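J.: Pasting coords24.csv here (CSV, N, CA, C and O atoms):
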chain,number,residue,atom,x,y,z
A,1,MET,N,-3.7,-248.6,-105.0
A,1,MET,CA,-3.5,-250.0,-105.1
A,1,MET,C,-3.5,-250.6,-103.7
A,1,MET,O,-4.0,-251.7,-103.4
A,2,THR,N,-2.8,-250.0,-102.8
A,2,THR,CA,-2.7,-250.5,-101.4
A,2,THR,C,-4.0,-250.5,-100.7
A,2,THR,O,-4.3,-251.5,-100.0
A,3,ASP,N,-4.9,-249.5,-101.0
A,3,ASP,CA,-6.2,-249.5,-100.4
A,3,ASP,C,-7.0,-250.7,-100.9
A,3,ASP,O,-7.8,-251.3,-100.2
A,4,ALA,N,-6.9,-251.0,-102.2
A,4,ALA,CA,-7.6,-252.1,-102.8
A,4,ALA,C,-7.2,-253.4,-102.2
A,4,ALA,O,-8.0,-254.3,-101.9
A,5,ILE,N,-5.9,-253.6,-101.9
A,5,ILE,CA,-5.4,-254.9,-101.3
A,5,ILE,C,-5.9,-255.0,-99.9
A,5,ILE,O,-6.3,-256.0,-99.4
A,6,ALA,N,-5.9,-253.8,-99.2
A,6,ALA,CA,-6.4,-253.8,-97.8
A,6,ALA,C,-7.8,-254.2,-97.7
A,6,ALA,O,-8.3,-255.0,-96.9
A,7,ALA,N,-8.6,-253.6,-98.7
A,7,ALA,CA,-10.1,-253.9,-98.7
A,7,ALA,C,-10.3,-255.4,-99.0
A,7,ALA,O,-11.2,-256.0,-98.4
A,8,LEU,N,-9.6,-255.9,-99.9
A,8,LEU,CA,-9.7,-257.3,-100.3
A,8,LEU,C,-9.4,-258.2,-99.1
A,8,LEU,O,-10.1,-259.2,-98.8
A,9,ALA,N,-8.3,-257.9,-98.4
A,9,ALA,CA,-7.9,-258.7,-97.2
A,9,ALA,C,-8.9,-258.6,-96.1
A,9,ALA,O,-9.3,-259.7,-95.5
A,10,ALA,N,-9.4,-257.4,-95.9
A,10,ALA,CA,-10.4,-257.3,-94.8
A,10,ALA,C,-11.7,-258.0,-95.2
A,10,ALA,O,-12.3,-258.6,-94.3
A,11,TRP,N,-12.1,-258.0,-96.4
A,11,TRP,CA,-13.3,-258.7,-96.9
A,11,TRP,C,-13.1,-260.2,-96.7
A,11,TRP,O,-14.0,-260.9,-96.1
A,12,LYS,N,-12.0,-260.7,-97.2
A,12,LYS,CA,-11.8,-262.2,-97.1
A,12,LYS,C,-11.7,-262.6,-95.6
A,12,LYS,O,-12.3,-263.7,-95.2
A,13,LEU,N,-11.1,-261.9,-94.7
A,13,LEU,CA,-11.0,-262.2,-93.3
A,13,LEU,C,-12.4,-262.1,-92.7
A,13,LEU,O,-12.7,-262.9,-91.8
A,14,GLY,N,-13.1,-261.1,-93.1
A,14,GLY,CA,-14.5,-260.9,-92.6
A,14,GLY,C,-15.4,-262.1,-92.9
A,14,GLY,O,-16.2,-262.5,-92.1
A,15,LEU,N,-15.2,-262.8,-94.0
A,15,LEU,CA,-16.0,-264.0,-94.4
A,15,LEU,C,-15.7,-265.1,-93.3
A,15,LEU,O,-16.6,-265.9,-93.1
A,16,ALA,N,-14.5,-265.1,-92.7
A,16,ALA,CA,-14.2,-266.1,-91.7
A,16,ALA,C,-14.5,-265.6,-90.3
A,16,ALA,O,-14.1,-266.3,-89.4
A,17,GLY,N,-15.0,-264.4,-90.2
A,17,GLY,CA,-15.3,-263.9,-88.9
A,17,GLY,C,-14.0,-263.4,-88.1
A,17,GLY,O,-14.0,-263.3,-86.9
A,18,VAL,N,-13.0,-263.0,-88.9
A,18,VAL,CA,-11.7,-262.6,-88.3
A,18,VAL,C,-11.6,-261.0,-88.5
A,18,VAL,O,-11.8,-260.5,-89.6
A,19,ASP,N,-11.4,-260.3,-87.4
A,19,ASP,CA,-11.1,-258.9,-87.5
A,19,ASP,C,-9.8,-258.6,-88.0
A,19,ASP,O,-8.8,-259.1,-87.4
A,20,PRO,N,-9.6,-257.9,-89.2
A,20,PRO,CA,-8.3,-257.7,-89.8
A,20,PRO,C,-7.4,-256.9,-88.9
A,20,PRO,O,-6.2,-256.9,-89.1
A,21,ARG,N,-7.9,-256.2,-87.9
A,21,ARG,CA,-7.1,-255.4,-87.0
A,21,ARG,C,-6.8,-256.1,-85.7
A,21,ARG,O,-6.1,-255.7,-84.9
A,22,GLY,N,-7.3,-257.3,-85.6
A,22,GLY,CA,-7.2,-258.1,-84.4
A,22,GLY,C,-6.0,-259.1,-84.5
A,22,GLY,O,-5.1,-259.0,-85.4
A,23,HIS,N,-6.0,-260.0,-83.6
A,23,HIS,CA,-4.9,-261.0,-83.5
A,23,HIS,C,-5.5,-262.4,-83.6
A,23,HIS,O,-6.7,-262.6,-83.3
A,24,VAL,N,-4.7,-263.4,-84.0
A,24,VAL,CA,-5.1,-264.8,-84.1
A,24,VAL,C,-4.0,-265.6,-83.5
A,24,VAL,O,-2.9,-265.3,-83.4
A,25,ARG,N,-4.5,-266.8,-83.0
A,25,ARG,CA,-3.5,-267.8,-82.5
A,25,ARG,C,-3.3,-268.8,-83.5
A,25,ARG,O,-4.2,-269.4,-84.1
A,26,MET,N,-2.0,-269.1,-83.8
A,26,MET,CA,-1.6,-270.1,-84.8
A,26,MET,C,-0.7,-271.1,-84.1
A,26,MET,O,0.0,-270.8,-83.2
A,27,VAL,N,-0.8,-272.4,-84.7
A,27,VAL,CA,0.0,-273.5,-84.2
A,27,VAL,C,1.0,-273.8,-85.2
A,27,VAL,O,0.7,-274.0,-86.4
A,28,SER,N,2.3,-273.8,-84.8
A,28,SER,CA,3.4,-274.0,-85.8
A,28,SER,C,3.4,-275.5,-86.2
A,28,SER,O,3.1,-276.4,-85.4
A,29,SER,N,3.6,-275.7,-87.5
A,29,SER,CA,3.5,-277.1,-87.9
A,29,SER,C,4.7,-277.5,-88.8
A,29,SER,O,4.8,-278.6,-89.3
A,30,ASN,N,5.7,-276.6,-89.0
A,30,ASN,CA,6.8,-277.0,-89.9
A,30,ASN,C,8.1,-276.4,-89.4
A,30,ASN,O,8.2,-275.6,-88.5
A,31,GLY,N,9.2,-276.9,-90.1
A,31,GLY,CA,10.6,-276.5,-89.7
A,31,GLY,C,11.0,-275.1,-90.0
A,31,GLY,O,11.7,-274.5,-89.2
A,32,PRO,N,10.6,-274.5,-91.1
A,32,PRO,CA,11.0,-273.1,-91.4
A,32,PRO,C,10.5,-272.0,-90.4
A,32,PRO,O,10.9,-270.9,-90.5
A,33,SER,N,9.5,-272.4,-89.6
A,33,SER,CA,8.9,-271.5,-88.7
A,33,SER,C,9.9,-271.0,-87.6
A,33,SER,O,10.8,-271.7,-87.3
A,34,ARG,N,9.7,-269.8,-87.1
A,34,ARG,CA,10.5,-269.3,-86.0
A,34,ARG,C,10.1,-270.0,-84.7
A,34,ARG,O,10.7,-269.9,-83.7
A,35,TYR,N,9.0,-270.7,-84.7
A,35,TYR,CA,8.5,-271.4,-83.5
A,35,TYR,C,8.6,-272.9,-83.7
A,35,TYR,O,8.4,-273.5,-84.8
A,36,LYS,N,8.8,-273.6,-82.6
A,36,LYS,CA,8.9,-275.1,-82.6
A,36,LYS,C,7.6,-275.7,-83.0
A,36,LYS,O,6.5,-275.1,-82.8
A,37,ALA,N,7.6,-276.8,-83.7
A,37,ALA,CA,6.4,-277.5,-84.1
A,37,ALA,C,5.5,-277.8,-82.9
A,37,ALA,O,6.0,-278.2,-81.9
A,38,GLY,N,4.2,-277.4,-83.1
A,38,GLY,CA,3.3,-277.6,-82.0
A,38,GLY,C,3.1,-276.4,-81.1
A,38,GLY,O,2.2,-276.3,-80.3
A,39,ALA,N,4.1,-275.4,-81.2
A,39,ALA,CA,4.0,-274.2,-80.3
A,39,ALA,C,2.9,-273.3,-80.9
A,39,ALA,O,2.6,-273.3,-82.0
A,40,THR,N,2.2,-272.6,-79.9
A,40,THR,CA,1.2,-271.7,-80.3
A,40,THR,C,1.7,-270.3,-80.2
A,40,THR,O,2.4,-269.9,-79.3
A,41,ALA,N,1.5,-269.5,-81.3
A,41,ALA,CA,1.9,-268.1,-81.3
A,41,ALA,C,0.7,-267.2,-81.6
A,41,ALA,O,-0.2,-267.5,-82.4
A,42,THR,N,0.7,-266.0,-80.9
A,42,THR,CA,-0.3,-265.0,-81.2
A,42,THR,C,0.3,-264.0,-82.1
A,42,THR,O,1.3,-263.4,-81.8
A,43,MET,N,-0.4,-263.8,-83.2
A,43,MET,CA,0.1,-262.9,-84.2
A,43,MET,C,-1.0,-262.0,-84.8
A,43,MET,O,-2.2,-262.3,-84.6
A,44,PRO,N,-0.6,-260.8,-85.4
A,44,PRO,CA,-1.7,-260.0,-86.0
A,44,PRO,C,-2.4,-260.8,-87.1
A,44,PRO,O,-1.8,-261.6,-87.8
A,45,ALA,N,-3.7,-260.5,-87.3
A,45,ALA,CA,-4.4,-261.3,-88.3
A,45,ALA,C,-3.8,-261.0,-89.7
A,45,ALA,O,-3.8,-261.9,-90.5
A,46,VAL,N,-3.3,-259.8,-89.9
A,46,VAL,CA,-2.6,-259.5,-91.2
A,46,VAL,C,-1.2,-259.3,-90.8
A,46,VAL,O,-0.8,-258.3,-90.2
A,47,ALA,N,-0.3,-260.2,-91.3
A,47,ALA,CA,1.1,-260.1,-91.0
A,47,ALA,C,1.9,-260.7,-92.1
A,47,ALA,O,1.5,-261.6,-92.8
A,48,GLY,N,3.1,-260.1,-92.3
A,48,GLY,CA,4.0,-260.7,-93.4
A,48,GLY,C,4.6,-262.0,-92.9
A,48,GLY,O,4.6,-262.3,-91.7
A,49,HIS,N,5.1,-262.7,-93.9
A,49,HIS,CA,5.7,-264.0,-93.5
A,49,HIS,C,6.9,-263.9,-92.6
A,49,HIS,O,7.2,-264.9,-91.9
A,50,ALA,N,7.6,-262.8,-92.6
A,50,ALA,CA,8.7,-262.6,-91.8
A,50,ALA,C,8.4,-262.7,-90.3
A,50,ALA,O,9.3,-263.0,-89.5
A,51,ARG,N,7.2,-262.5,-89.9
A,51,ARG,CA,6.8,-262.6,-88.5
A,51,ARG,C,6.8,-264.0,-88.0
A,51,ARG,O,7.0,-264.2,-86.8
A,52,ALA,N,6.6,-264.9,-88.9
A,52,ALA,CA,6.5,-266.3,-88.5
A,52,ALA,C,7.7,-267.2,-88.9
A,52,ALA,O,8.0,-268.2,-88.4
A,53,SER,N,8.4,-266.7,-89.9
A,53,SER,CA,9.6,-267.5,-90.5
A,53,SER,C,10.9,-267.1,-89.9
A,53,SER,O,11.1,-265.9,-89.5
A,54,ARG,N,11.8,-268.0,-89.9
A,54,ARG,CA,13.2,-267.7,-89.5
A,54,ARG,C,13.8,-266.8,-90.6
A,54,ARG,O,13.5,-267.0,-91.8
A,55,PRO,N,14.7,-265.9,-90.2
A,55,PRO,CA,15.4,-265.1,-91.2
A,55,PRO,C,16.2,-266.0,-92.1
A,55,PRO,O,16.8,-266.9,-91.7
A,56,ALA,N,16.2,-265.7,-93.4
A,56,ALA,CA,17.1,-266.4,-94.3
A,56,ALA,C,18.5,-266.1,-94.1
A,56,ALA,O,18.9,-265.0,-93.6
A,57,ALA,N,19.4,-267.0,-94.5
A,57,ALA,CA,20.8,-266.8,-94.4
A,57,ALA,C,21.2,-265.6,-95.4
A,57,ALA,O,20.6,-265.6,-96.5
A,58,PRO,N,22.1,-264.8,-95.0
A,58,PRO,CA,22.5,-263.7,-96.0
A,58,PRO,C,23.1,-264.3,-97.3
A,58,PRO,O,23.7,-265.4,-97.2
A,59,ALA,N,22.8,-263.6,-98.3
A,59,ALA,CA,23.3,-264.1,-99.6
A,59,ALA,C,24.9,-263.9,-99.7
A,59,ALA,O,25.4,-263.0,-99.1
A,60,ARG,N,25.5,-264.9,-100.3
A,60,ARG,CA,26.9,-264.8,-100.5
A,60,ARG,C,27.2,-264.2,-101.9
A,60,ARG,O,26.6,-264.6,-102.8
A,61,PRO,N,28.3,-263.4,-101.9
A,61,PRO,CA,28.6,-262.8,-103.2
A,61,PRO,C,29.2,-263.8,-104.2
A,61,PRO,O,29.7,-264.8,-103.8
For this file, write the structure as structure tokens.
T.:
Amino acid sequence: MTDAIAALAAWKLGLAGVDPRGHVRMVSSNGPSRYKAGATATMPAVAGHARASRPAAPARP
């Protein structure tokens, strides 16, 4: 299953000319981001949301 998801992601990124093993520059545009609005961040082309989002507050019991 993991290989299938990786192949799908690589294919979709390839359609846009993005190397799935490479990096991309992204511009922050919202509040939940770990970066200020308008800031540019270089990130892996395939990355989880935790790389760009602020950590959530711990759950309270």
J.: Select, counting all atoms listed in the file, all protein, DNA and RNA residues no farther than 8 Å from (10.5, -270.4, -87.4) in file coordinates, and express the selection as a PyMOL selection string.
T.: chain A and resi 30-37+49-55
J.: Kindly save the residues from that selection, with N, CA, C and O atoms included, as a compact mmCIF listing (two decimals), in the frame of the given file.
T.:
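Once everything was written out, this is part_22.txt:
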# COMPACT_ATOMS: atom_id res chain seq x y z
N ASN A 30 5.70 -276.60 -89.00
CA ASN A 30 6.80 -277.00 -89.90
C ASN A 30 8.10 -276.40 -89.40
O ASN A 30 8.20 -275.60 -88.50
N GLY A 31 9.20 -276.90 -90.10
CA GLY A 31 10.60 -276.50 -89.70
C GLY A 31 11.00 -275.10 -90.00
O GLY A 31 11.70 -274.50 -89.20
N PRO A 32 10.60 -274.50 -91.10
CA PRO A 32 11.00 -273.10 -91.40
C PRO A 32 10.50 -272.00 -90.40
O PRO A 32 10.90 -270.90 -90.50
N SER A 33 9.50 -272.40 -89.60
CA SER A 33 8.90 -271.50 -88.70
C SER A 33 9.90 -271.00 -87.60
O SER A 33 10.80 -271.70 -87.30
N ARG A 34 9.70 -269.80 -87.10
CA ARG A 34 10.50 -269.30 -86.00
C ARG A 34 10.10 -270.00 -84.70
O ARG A 34 10.70 -269.90 -83.70
N TYR A 35 9.00 -270.70 -84.70
CA TYR A 35 8.50 -271.40 -83.50
C TYR A 35 8.60 -272.90 -83.70
O TYR A 35 8.40 -273.50 -84.80
N LYS A 36 8.80 -273.60 -82.60
CA LYS A 36 8.90 -275.10 -82.60
C LYS A 36 7.60 -275.70 -83.00
O LYS A 36 6.50 -275.10 -82.80
N ALA A 37 7.60 -276.80 -83.70
CA ALA A 37 6.40 -277.50 -84.10
C ALA A 37 5.50 -277.80 -82.90
O ALA A 37 6.00 -278.20 -81.90
N HIS A 49 5.10 -262.70 -93.90
CA HIS A 49 5.70 -264.00 -93.50
C HIS A 49 6.90 -263.90 -92.60
O HIS A 49 7.20 -264.90 -91.90
N ALA A 50 7.60 -262.80 -92.60
CA ALA A 50 8.70 -262.60 -91.80
C ALA A 50 8.40 -262.70 -90.30
O ALA A 50 9.30 -263.00 -89.50
N ARG A 51 7.20 -262.50 -89.90
CA ARG A 51 6.80 -262.60 -88.50
C ARG A 51 6.80 -264.00 -88.00
O ARG A 51 7.00 -264.20 -86.80
N ALA A 52 6.60 -264.90 -88.90
CA ALA A 52 6.50 -266.30 -88.50
C ALA A 52 7.70 -267.20 -88.90
O ALA A 52 8.00 -268.20 -88.40
N SER A 53 8.40 -266.70 -89.90
CA SER A 53 9.60 -267.50 -90.50
C SER A 53 10.90 -267.10 -89.90
O SER A 53 11.10 -265.90 -89.50
N ARG A 54 11.80 -268.00 -89.90
CA ARG A 54 13.20 -267.70 -89.50
C ARG A 54 13.80 -266.80 -90.60
O ARG A 54 13.50 -267.00 -91.80
N PRO A 55 14.70 -265.90 -90.20
CA PRO A 55 15.40 -265.10 -91.20
C PRO A 55 16.20 -266.00 -92.10
O PRO A 55 16.80 -266.90 -91.70
J.: Using DSSP assignments from the backbone, pull out every residue in chain A that falls under strand (DSSP E or B) and give it to me as an MDAnalysis selection string.
T.: chainID A and resid 23:27 33 40:44 53
J.: Could you list as a list in words every residue that has an atom within 4.5 Å of (0.6, -266.0, -84.6), using the file's coordinates and counting all atoms listed in the file?
T.: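 Every polymer residue passing the test: Val24, Met26, Ala41, Thr42 and Met43 of chain A.
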J.: Using only N, CA, C and O atoms, please write the residues we just selected to a file, as a PDB file, keeping the file's coordinate frame.
T.:
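So the final result, stored in again_26.pdb, reads:
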ATOM      1  N   VAL A  24      -4.700-263.400 -84.000  1.00  0.00           N
ATOM      2  CA  VAL A  24      -5.100-264.800 -84.100  1.00  0.00           C
ATOM      3  C   VAL A  24      -4.000-265.600 -83.500  1.00  0.00           C
ATOM      4  O   VAL A  24      -2.900-265.300 -83.400  1.00  0.00           O
ATOM      5  N   MET A  26      -2.000-269.100 -83.800  1.00  0.00           N
ATOM      6  CA  MET A  26      -1.600-270.100 -84.800  1.00  0.00           C
ATOM      7  C   MET A  26      -0.700-271.100 -84.100  1.00  0.00           C
ATOM      8  O   MET A  26       0.000-270.800 -83.200  1.00  0.00           O
ATOM      9  N   ALA A  41       1.500-269.500 -81.300  1.00  0.00           N
ATOM     10  CA  ALA A  41       1.900-268.100 -81.300  1.00  0.00           C
ATOM     11  C   ALA A  41       0.700-267.200 -81.600  1.00  0.00           C
ATOM     12  O   ALA A  41      -0.200-267.500 -82.400  1.00  0.00           O
ATOM     13  N   THR A  42       0.700-266.000 -80.900  1.00  0.00           N
ATOM     14  CA  THR A  42      -0.300-265.000 -81.200  1.00  0.00           C
ATOM     15  C   THR A  42       0.300-264.000 -82.100  1.00  0.00           C
ATOM     16  O   THR A  42       1.300-263.400 -81.800  1.00  0.00           O
ATOM     17  N   MET A  43      -0.400-263.800 -83.200  1.00  0.00           N
ATOM     18  CA  MET A  43       0.100-262.900 -84.200  1.00  0.00           C
ATOM     19  C   MET A  43      -1.000-262.000 -84.800  1.00  0.00           C
ATOM     20  O   MET A  43      -2.200-262.300 -84.600  1.00  0.00           O
TER      21      MET A  43
END
J.: Please determine, counting all atoms listed in the file, which residue among A:Ala9, A:Gly17, A:Gly22, A:Ala4 has the shortest atom-to-atom distance to Val46 of chain A.
T.: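 Result for the nearest residue to Val46 of chain A: A:Gly22.
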J.: Show which residues sit within 9 Å of Ala45 of chain A, as a ChimeraX atom specification. Count only C-alpha atoms, and ignore same-chain residues fewer than 4 positions away.
T.: /A:13,18-25
J.: Any chance you could list, as a ChimeraX atom specification, the residues in chain A that come up alpha helix (DSSP H) when DSSP is run on the backbone?
T.: /A:2-15
J.: In Å, with one decimal, what is the gap from atom CA of Val27 of chain A to atom CA of Ala39 of chain A?
T.: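 The value is 5.6 Å.
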